[in-house]
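Okay, structure first, notes after.
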Amino acid sequence: MPNSEYFINLEEDYGAHNYHPLDVVISRGEGVWVYDVDGKKYLDCLSAYSALNQGHNHPKIRKAMTDQLERLTLTSRAFRNDKLGLFYKKLADMTGYEMSLPMNSGAEAVETAIKVARKWGYVSKGIKRYEAEIIVADGNFHGRTTTIISFTTNEDYKKDFGPFTPGFPIVEYGDIDALKSAIKENTAAIMLEPLQGENGIILPPQGYLKAVRALCEENNILFIADEIQTGLGRTGALFACQHEDVRPDIMVVGKALSGGFYPVSAVLADKAVLGLIQPGEHGSTFGGNPLGAAVGIAALEVIQEEKLIDNAKFMGEYMMDYLEEIPKKNILDIRGKGLLIGVELKHELGGARRFAETLQDRGILVKETHTHILRLAPPLIIDKKTVDWMLPILRDVLLMD
Ligand SMILES: *Cc1c(COP(=O)(O)O)cnc(C)c1O
């Protein structure tokens, strides 16, 4: 039996080095647990950046997938299939948006939202052609395509990859006045994450999303929310925007939309916006395929049937209460919502990687983000017993020298 080192060397020798993973080689996953090639068991506290809200290898989603695998996997959108309509209906019933447009990766869905918002700007708002702007926030993360990295503020994500796509003014995240000043006649939309996950679990000031909503209303601008990471229960609400009773015009979802089985993403909006897209104007060979649709329906049903939103809220608050009691020896800040929690370590400690590696030894997998921050985001199916096992270990490690 080849060991971890063998697989790590294969990756290092033959794969592009666009990630710096922890050296754990996982070969099996079930629920909140994963097992490495040596049989060691770990709690997955990252959930594939929230793609695994339903846990690993969820039996209901697996069954939907294998049943569909045996019947039909791909038709292309040149033909119809008997799953896509059901997926649309499920999305509409659950989210309250009239229409959706299915894609595969999150970045593709963001690209789709950008195209839809620009078209709305020209056709509905009357912006001069090719002058539409979409305002975005400092510290944003919306994916890795060339257009999306054009408006990232993270140098690593963009340097050496230009030339860049114009039309995306950047404002301070959480600053409503900055946003107000950036709005012009040719502003078609503002695109935001309601909580910036990749940027280190950054929450905007209370009331910000509501103020953004009002500003969009006043200026006839679309509000695009990227809830690829925060949506589908992660923060203790179906969408993080709902914590402020805000309904964006365009909602972008991905990740947990497939429960980790298959890339499925979607843009959700009402007919006045998404209805503008005409045949031939946008597409994807795999987007809306029956396998992805079957998986998507099951993934959404699991969120409802297992009350994952309530569980995320309860377990998140429970974890937060415990974490806040830990002496601040190494901790600079703890913040988050639901089961998306960031522990920022004091910067003089030289980074969170060492803490992530110690947690790995102790059977908990987390990943550092932005050098100093540990992101705690277990699958939303996590139970109290498991949380009670995890918390004292976290405490130990957060108090280490
Ligand atoms: C992960 C993520 C994306 C990109 O999704 P991919 O499937 O990796 O393309 C976009 N926006 C947010 C907020 C994300 O967390």
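How things are named: the first chain in the structure tokens is A, the next is B, and so on; residues count from 1 in each chain; ligands count from 1 in the order shown.
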Per residue of region 205-242 of chain A within 12 Å of region 316-320 of chain A, which atom pair is closest and at what distance in Å (one decimal), using only C-alpha atoms, listed by chain and increasing number, as a tab-separated table?
```
residue	atom	partner	partner_atom	distance
A:Gly233	CA	A:Gly316	CA	11.4
A:Arg234	CA	A:Gly316	CA	9.4
A:Thr235	CA	A:Gly316	CA	8.1
A:Gly236	CA	A:Gly316	CA	7.7
A:Ala237	CA	A:Gly316	CA	11.5
```
Taking only C-alpha atoms and all ligand atoms and a cut-off of 10 Å, can you tell me which residues surround ligand 1, written as a ChimeraX atom specification?
/A:48-51,103-111,140-145,148,192-199,225-231,252-256,263-265
Students should find that CA of Lys384 (chain A) and CA of Thr95 (chain A) are spaced 28.1 Å
Here CA of Ala298 (chain A) and CA of Leu91 (chain A) stand apart by 11.2 Å
Shell around Ile61 (chain A) at 8 Å using only C-alpha atoms, local window under 5 positions removed, as number ranges by chain:
A: 259, 261, 295, 298-299, 302
Using only C-alpha atoms, which of A:Asp36, A:Glu217, A:Asp388, A:Glu344 sits nearest Thr369 (chain A)?
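Under the stated criterion, the closest residue is A:Glu344.
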- Task: List the neighbours of Asp23 (chain A) out to 10 Å using only C-alpha atoms; skip same-chain residues closer than 3 positions along the sequence, and give me the result as a list in words.
- Result: Ser4, Glu5, Phe7, Ile8, His20, Ile26, Glu357 and Gln360 of chain A
**Item:** Surrounding residues of Thr358 (chain A) excluding itself and chain neighbours under 5 positions, 12 Å, only C-alpha atoms, as a PyMOL selection string
**Value:** chain A and resi 22-23+352-353+363-368+393-394+396-401
Would you save the residues from that selection as a CSV table (one decimal), in the first residue's frame, using N, CA and C atoms?
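Just written: out_2.csv:
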```
chain,number,residue,atom,x,y,z
A,22,LEU,N,-2.3,21.3,3.2
A,22,LEU,CA,-1.8,20.6,4.3
A,22,LEU,C,-1.4,19.2,3.8
A,23,ASP,N,-0.3,18.6,4.4
A,23,ASP,CA,0.1,17.2,3.9
A,23,ASP,C,-0.7,16.2,4.6
A,352,ALA,N,-0.8,31.4,11.0
A,352,ALA,CA,-1.7,30.4,11.6
A,352,ALA,C,-1.4,29.0,11.1
A,353,ARG,N,-0.5,28.9,10.1
A,353,ARG,CA,-0.2,27.6,9.5
A,353,ARG,C,0.3,26.5,10.6
A,363,GLY,N,-6.2,15.7,15.0
A,363,GLY,CA,-7.4,15.1,14.4
A,363,GLY,C,-8.4,16.1,13.9
A,364,ILE,N,-8.0,17.4,13.7
A,364,ILE,CA,-9.0,18.4,13.2
A,364,ILE,C,-8.3,19.1,12.0
A,365,LEU,N,-9.0,19.1,10.9
A,365,LEU,CA,-8.5,19.7,9.7
A,365,LEU,C,-9.1,21.1,9.5
A,366,VAL,N,-8.2,22.1,9.6
A,366,VAL,CA,-8.6,23.5,9.3
A,366,VAL,C,-7.6,24.0,8.4
A,367,LYS,N,-7.9,25.2,7.7
A,367,LYS,CA,-6.9,25.8,6.8
A,367,LYS,C,-6.8,27.2,7.2
A,368,GLU,N,-5.5,27.7,7.2
A,368,GLU,CA,-5.3,29.1,7.5
A,368,GLU,C,-5.8,29.9,6.3
A,393,ILE,N,-10.0,20.6,22.3
A,393,ILE,CA,-8.8,20.5,21.5
A,393,ILE,C,-8.4,21.8,20.9
A,394,LEU,N,-9.4,22.5,20.4
A,394,LEU,CA,-9.2,23.9,19.8
A,394,LEU,C,-8.6,24.8,20.9
A,396,ASP,N,-6.9,23.9,23.7
A,396,ASP,CA,-5.5,23.5,23.9
A,396,ASP,C,-4.6,24.2,22.9
A,397,VAL,N,-4.9,24.0,21.6
A,397,VAL,CA,-4.1,24.4,20.5
A,397,VAL,C,-4.0,26.0,20.5
A,398,LEU,N,-5.1,26.6,20.8
A,398,LEU,CA,-5.1,28.1,20.8
A,398,LEU,C,-4.3,28.7,22.0
A,399,LEU,N,-4.0,27.8,22.9
A,399,LEU,CA,-3.2,28.3,24.1
A,399,LEU,C,-1.8,27.8,24.0
A,400,MET,N,-1.4,27.2,22.9
A,400,MET,CA,0.0,26.6,22.9
A,400,MET,C,1.0,27.7,22.8
A,401,ASP,N,2.3,27.3,23.1
A,401,ASP,CA,3.4,28.3,23.0
A,401,ASP,C,3.9,28.4,21.6
```
>> Using Å and a single decimal, report how far CA of Ala92 (chain A) sits from CA of Met65 (chain A).
In response: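 Rounded to one decimal, the two atoms are 21.3 Å apart.
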**Q.** Tyr208 (chain A) surroundings by only C-alpha atoms, 8 Å radius, close-in-sequence under 4 positions cut, as a list in words
**A.**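 Residues near the query, excluding close chain neighbours: Gly174, Asp175, Ile176, Pro204 and Val212 of chain A.
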- [ ] Would you mind writing down, as a ChimeraX atom specification, each residue of region 98-254 of chain A that DSSP on the backbone assigns to helix (DSSP H, G or I)?
- [x] /A:106-125,146-149,155-158,176-182,208-219,240-244
Extract the full set of strand (DSSP E) residues from region 206-397 of chain A according to DSSP on the backbone, and format it as a PyMOL selection string. chain A and resi 222-226+250-253+265-269+331-337+340-345+364-365+367-369+373-376
Selected residues, N, CA and C atoms, written as a tab-separated table (two decimals), in the first residue's frame, please.
```
chain	number	residue	atom	x	y	z
A	222	LEU	N	-28.88	47.31	-9.64
A	222	LEU	CA	-29.10	45.94	-9.15
A	222	LEU	C	-28.15	45.62	-8.01
A	223	PHE	N	-28.66	44.91	-7.03
A	223	PHE	CA	-27.82	44.41	-5.94
A	223	PHE	C	-27.54	42.93	-6.23
A	224	ILE	N	-26.28	42.63	-6.50
A	224	ILE	CA	-25.87	41.23	-6.73
A	224	ILE	C	-25.20	40.72	-5.45
A	225	ALA	N	-25.71	39.65	-4.88
A	225	ALA	CA	-25.06	39.05	-3.72
A	225	ALA	C	-24.37	37.76	-4.16
A	226	ASP	N	-23.08	37.67	-3.87
A	226	ASP	CA	-22.36	36.42	-4.09
A	226	ASP	C	-22.43	35.63	-2.79
A	250	ILE	N	-30.06	39.88	-7.62
A	250	ILE	CA	-29.43	38.70	-8.21
A	250	ILE	C	-28.67	37.96	-7.11
A	251	MET	N	-28.93	36.69	-7.00
A	251	MET	CA	-28.29	35.86	-5.98
A	251	MET	C	-27.42	34.82	-6.70
A	252	VAL	N	-26.17	34.70	-6.29
A	252	VAL	CA	-25.27	33.73	-6.91
A	252	VAL	C	-24.97	32.62	-5.91
A	253	VAL	N	-25.25	31.39	-6.31
A	253	VAL	CA	-25.00	30.24	-5.42
A	253	VAL	C	-24.15	29.19	-6.13
A	265	SER	N	-23.64	25.29	-9.95
A	265	SER	CA	-23.83	26.66	-9.48
A	265	SER	C	-25.04	27.24	-10.19
A	266	ALA	N	-25.49	28.38	-9.72
A	266	ALA	CA	-26.65	28.99	-10.38
A	266	ALA	C	-26.74	30.48	-10.06
A	267	VAL	N	-27.36	31.19	-11.00
A	267	VAL	CA	-27.72	32.58	-10.79
A	267	VAL	C	-29.23	32.61	-10.61
A	268	LEU	N	-29.68	33.25	-9.55
A	268	LEU	CA	-31.12	33.34	-9.25
A	268	LEU	C	-31.56	34.80	-9.36
A	269	ALA	N	-32.70	35.02	-9.96
A	269	ALA	CA	-33.25	36.37	-10.06
A	269	ALA	C	-34.70	36.28	-10.49
A	331	ILE	N	-4.87	34.82	20.70
A	331	ILE	CA	-6.00	35.24	19.87
A	331	ILE	C	-6.13	36.76	19.82
A	332	LEU	N	-6.25	37.27	18.59
A	332	LEU	CA	-6.46	38.71	18.41
A	332	LEU	C	-7.96	39.01	18.32
A	333	ASP	N	-8.68	38.15	17.59
A	333	ASP	CA	-10.10	38.43	17.36
A	333	ASP	C	-10.81	37.13	16.97
A	334	ILE	N	-12.06	37.04	17.38
A	334	ILE	CA	-12.92	35.93	16.95
A	334	ILE	C	-14.19	36.53	16.39
A	335	ARG	N	-14.56	36.10	15.20
A	335	ARG	CA	-15.76	36.70	14.58
A	335	ARG	C	-16.39	35.68	13.64
A	336	GLY	N	-17.64	35.93	13.32
A	336	GLY	CA	-18.30	35.04	12.37
A	336	GLY	C	-19.78	35.03	12.55
A	337	LYS	N	-20.41	34.16	11.77
A	337	LYS	CA	-21.85	34.02	11.84
A	337	LYS	C	-22.19	32.57	11.53
A	340	LEU	N	-19.58	29.73	10.26
A	340	LEU	CA	-18.47	30.33	9.51
A	340	LEU	C	-17.76	31.27	10.48
A	341	ILE	N	-16.72	30.72	11.12
A	341	ILE	CA	-16.08	31.44	12.22
A	341	ILE	C	-14.60	31.62	11.91
A	342	GLY	N	-14.13	32.83	12.13
A	342	GLY	CA	-12.71	33.12	11.92
A	342	GLY	C	-12.04	33.41	13.25
A	343	VAL	N	-10.91	32.76	13.49
A	343	VAL	CA	-10.10	33.06	14.66
A	343	VAL	C	-8.83	33.72	14.16
A	344	GLU	N	-8.70	35.01	14.43
A	344	GLU	CA	-7.50	35.72	13.99
A	344	GLU	C	-6.46	35.67	15.09
A	345	LEU	N	-5.28	35.17	14.74
A	345	LEU	CA	-4.21	35.04	15.74
A	345	LEU	C	-3.35	36.30	15.74
A	364	ILE	N	-8.03	17.39	13.73
A	364	ILE	CA	-8.97	18.39	13.22
A	364	ILE	C	-8.34	19.09	12.02
A	365	LEU	N	-9.05	19.09	10.90
A	365	LEU	CA	-8.51	19.73	9.71
A	365	LEU	C	-9.10	21.12	9.53
A	367	LYS	N	-7.89	25.16	7.73
A	367	LYS	CA	-6.92	25.78	6.83
A	367	LYS	C	-6.78	27.22	7.23
A	368	GLU	N	-5.53	27.69	7.19
A	368	GLU	CA	-5.34	29.10	7.50
A	368	GLU	C	-5.77	29.91	6.29
A	369	THR	N	-6.28	31.10	6.54
A	369	THR	CA	-6.59	32.00	5.45
A	369	THR	C	-5.96	33.35	5.76
A	373	ILE	N	-5.30	33.88	10.02
A	373	ILE	CA	-6.67	33.54	10.40
A	373	ILE	C	-6.97	32.06	10.18
A	374	LEU	N	-7.55	31.46	11.20
A	374	LEU	CA	-8.04	30.09	11.06
A	374	LEU	C	-9.54	30.16	10.80
A	375	ARG	N	-9.96	29.47	9.74
A	375	ARG	CA	-11.39	29.44	9.42
A	375	ARG	C	-11.97	28.15	9.98
A	376	LEU	N	-12.99	28.28	10.84
A	376	LEU	CA	-13.67	27.10	11.39
A	376	LEU	C	-15.03	26.99	10.70
```
Between A:Ala182, A:Leu232, A:Ala189, A:Leu349, smallest distance to Arg213 (chain A) by only C-alpha atoms belongs to A:Ala189
- Query: Which neighbours of Ser124 (chain A) fall inside 9 Å, counting only C-alpha atoms, when residues of the same chain fewer than 3 positions from it are skipped, and could you give them as a PyMOL selection string?
  - Reply: chain A and resi 119-121+127+272-273+276
Original post:
With distances taken over only C-alpha atoms, which of A:Cys45, A:Met1, A:Leu69, A:Ile277 is nearest to Val32 (chain A)?
Top reply: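 Counting only C-alpha atoms, the residue closest to Val32 (chain A) is A:Cys45.
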